[in-house]
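What follows is the content of work.pdb, which has PDB, C-alpha atoms:
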```
ATOM      1  CA  MET A   1      93.286 101.574 123.384  1.00  0.00           C
ATOM      2  CA  LEU A   2      92.963 103.494 120.152  1.00  0.00           C
ATOM      3  CA  LEU A   3      95.734 105.551 118.600  1.00  0.00           C
ATOM      4  CA  ASN A   4      94.210 108.296 116.467  1.00  0.00           C
ATOM      5  CA  ARG A   5      96.546 111.166 115.552  1.00  0.00           C
ATOM      6  CA  PRO A   6      96.198 111.707 111.799  1.00  0.00           C
ATOM      7  CA  PRO A   7      97.888 111.794 109.428  1.00  0.00           C
ATOM      8  CA  THR A   8     100.715 109.545 110.727  1.00  0.00           C
ATOM      9  CA  ASN A   9      99.968 108.717 114.397  1.00  0.00           C
ATOM     10  CA  PRO A  10     103.168 110.231 115.787  1.00  0.00           C
ATOM     11  CA  LEU A  11     104.046 109.336 119.347  1.00  0.00           C
ATOM     12  CA  SER A  12     103.750 112.055 121.930  1.00  0.00           C
ATOM     13  CA  ALA A  13     104.625 112.347 125.592  1.00  0.00           C
ATOM     14  CA  ALA A  14     100.882 112.455 126.335  1.00  0.00           C
ATOM     15  CA  PHE A  15     100.341 109.152 124.523  1.00  0.00           C
ATOM     16  CA  GLY A  16     103.355 107.643 126.293  1.00  0.00           C
ATOM     17  CA  ARG A  17     101.850 108.640 129.636  1.00  0.00           C
ATOM     18  CA  GLU A  18      98.422 107.318 128.593  1.00  0.00           C
ATOM     19  CA  LEU A  19      99.998 104.027 127.538  1.00  0.00           C
ATOM     20  CA  PHE A  20     101.907 103.719 130.820  1.00  0.00           C
ATOM     21  CA  ASP A  21      98.805 104.520 132.870  1.00  0.00           C
ATOM     22  CA  ALA A  22      96.709 102.006 130.929  1.00  0.00           C
ATOM     23  CA  PHE A  23      99.243  99.201 131.391  1.00  0.00           C
ATOM     24  CA  THR A  24      99.677 100.083 135.064  1.00  0.00           C
ATOM     25  CA  GLU A  25      95.920  99.722 135.505  1.00  0.00           C
ATOM     26  CA  VAL A  26      95.827  96.486 133.499  1.00  0.00           C
ATOM     27  CA  ASP A  27      98.705  95.106 135.564  1.00  0.00           C
ATOM     28  CA  ARG A  28      96.423  95.275 138.619  1.00  0.00           C
ATOM     29  CA  MET A  29      93.631  93.325 136.889  1.00  0.00           C
ATOM     30  CA  GLU A  30      93.991  89.603 137.401  1.00  0.00           C
ATOM     31  CA  ASP A  31      91.361  88.735 134.790  1.00  0.00           C
ATOM     32  CA  VAL A  32      93.032  90.637 131.895  1.00  0.00           C
ATOM     33  CA  THR A  33      95.575  88.652 129.912  1.00  0.00           C
ATOM     34  CA  VAL A  34      95.565  90.483 126.572  1.00  0.00           C
ATOM     35  CA  VAL A  35      95.684  94.158 125.613  1.00  0.00           C
ATOM     36  CA  ILE A  36      95.225  95.232 122.022  1.00  0.00           C
ATOM     37  CA  ILE A  37      96.383  98.617 120.780  1.00  0.00           C
ATOM     38  CA  THR A  38      94.873  99.556 117.450  1.00  0.00           C
ATOM     39  CA  SER A  39      95.210 102.413 115.019  1.00  0.00           C
ATOM     40  CA  ALA A  40      92.258 104.380 113.738  1.00  0.00           C
ATOM     41  CA  LEU A  41      94.244 104.962 110.568  1.00  0.00           C
ATOM     42  CA  GLU A  42      94.085 102.501 107.721  1.00  0.00           C
ATOM     43  CA  LYS A  43      97.648 102.740 106.399  1.00  0.00           C
ATOM     44  CA  VAL A  44      99.747 103.723 109.420  1.00  0.00           C
ATOM     45  CA  PHE A  45     100.111 102.368 112.937  1.00  0.00           C
ATOM     46  CA  VAL A  46     102.825 104.674 114.352  1.00  0.00           C
ATOM     47  CA  ALA A  47     105.234 106.657 112.228  1.00  0.00           C
ATOM     48  CA  GLY A  48     107.553 107.693 115.070  1.00  0.00           C
ATOM     49  CA  GLY A  49     107.785 110.663 117.418  1.00  0.00           C
ATOM     50  CA  HIS A  50     106.146 113.982 116.647  1.00  0.00           C
ATOM     51  CA  GLN A  51     108.935 116.454 115.880  1.00  0.00           C
ATOM     52  CA  GLY A  52     106.948 119.581 116.757  1.00  0.00           C
ATOM     53  CA  ASP A  53     105.467 118.260 120.001  1.00  0.00           C
ATOM     54  CA  ALA A  54     106.801 120.534 122.748  1.00  0.00           C
ATOM     55  CA  SER A  55     106.403 117.750 125.311  1.00  0.00           C
ATOM     56  CA  MET A  56     108.718 115.564 123.224  1.00  0.00           C
ATOM     57  CA  ASP A  57     111.302 118.351 123.048  1.00  0.00           C
ATOM     58  CA  GLY A  58     112.006 117.906 126.749  1.00  0.00           C
ATOM     59  CA  PRO A  59     114.398 115.278 127.947  1.00  0.00           C
ATOM     60  CA  PRO A  60     114.153 112.444 125.397  1.00  0.00           C
ATOM     61  CA  ARG A  61     115.607 110.060 127.949  1.00  0.00           C
ATOM     62  CA  ALA A  62     112.599 110.666 130.199  1.00  0.00           C
ATOM     63  CA  PHE A  63     110.232 109.679 127.387  1.00  0.00           C
ATOM     64  CA  SER A  64     112.354 106.636 126.539  1.00  0.00           C
ATOM     65  CA  LYS A  65     112.429 105.644 130.193  1.00  0.00           C
ATOM     66  CA  LEU A  66     108.642 105.913 130.385  1.00  0.00           C
ATOM     67  CA  LEU A  67     108.251 103.627 127.356  1.00  0.00           C
ATOM     68  CA  GLN A  68     110.766 101.181 128.851  1.00  0.00           C
ATOM     69  CA  GLU A  69     108.833 101.131 132.129  1.00  0.00           C
ATOM     70  CA  THR A  70     105.653 100.479 130.128  1.00  0.00           C
ATOM     71  CA  ASN A  71     107.379  97.603 128.360  1.00  0.00           C
ATOM     72  CA  ASN A  72     108.543  96.207 131.702  1.00  0.00           C
ATOM     73  CA  LEU A  73     104.927  96.051 132.879  1.00  0.00           C
ATOM     74  CA  LEU A  74     104.218  93.687 129.978  1.00  0.00           C
ATOM     75  CA  ARG A  75     106.889  91.262 131.135  1.00  0.00           C
ATOM     76  CA  GLY A  76     105.468  91.013 134.664  1.00  0.00           C
TER      77      GLY A  76
END
```

Produce structure tokens that represent the structure in this file.
Amino acid sequence: MLLNRPPTNPLSAAFGRELFDAFTEVDRMEDVTVVIITSALEKVFVAGGHQGDASMDGPPRAFSKLLQETNNLLRG
């Protein structure tokens, strides 16, 4: 998975959903044991949430819950 949102790779609800979907799919694959998320940017991986992203302006708890559910998939 490649994160490429110059100039600072801010998180967005769309990326959170993409991340959740990717890990849900990987969770079903018995032969996958490692997932690597990389940044297309040289100096920044993720600088935080995008302040002007309308999808992030919704319920922040929903976005946090989605990221927590993604994290829980990793523990499985």

For a test of reading the model, state the distance in Å between atom CA of Leu11 of chain A and atom CA of Glu69 of chain A, rounded to one decimal.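 Straight-line distance from atom CA of Leu11 of chain A to atom CA of Glu69 of chain A works out to 15.9 Å.
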
Using only C-alpha atoms, determine which residues lie at most 9 Å from Arg5 of chain A, disregarding the query and same-chain residues fewer than 3 positions distant; provide the list as an MDAnalysis selection string. chainID A and resid 8:11 39:41

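Our summary of the geometry notes that atom CA of Ala14 of chain A is positioned 26.9 Å from atom CA of Asp31 of chain A.
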
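Near Leu19 of chain A, within a cut-off of 9 Å and counting all atoms listed in the file, sit the residues Met1, Ala14, Phe15, Gly16, Ala22, Phe23, Thr24, Leu67 and Thr70 of chain A, with same-chain residues fewer than 3 positions away left out.
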
What does the structure give for the distance between atom CA of Phe63 of chain A and atom CA of Ala13 of chain A, in Å to one decimal? 6.5 Å
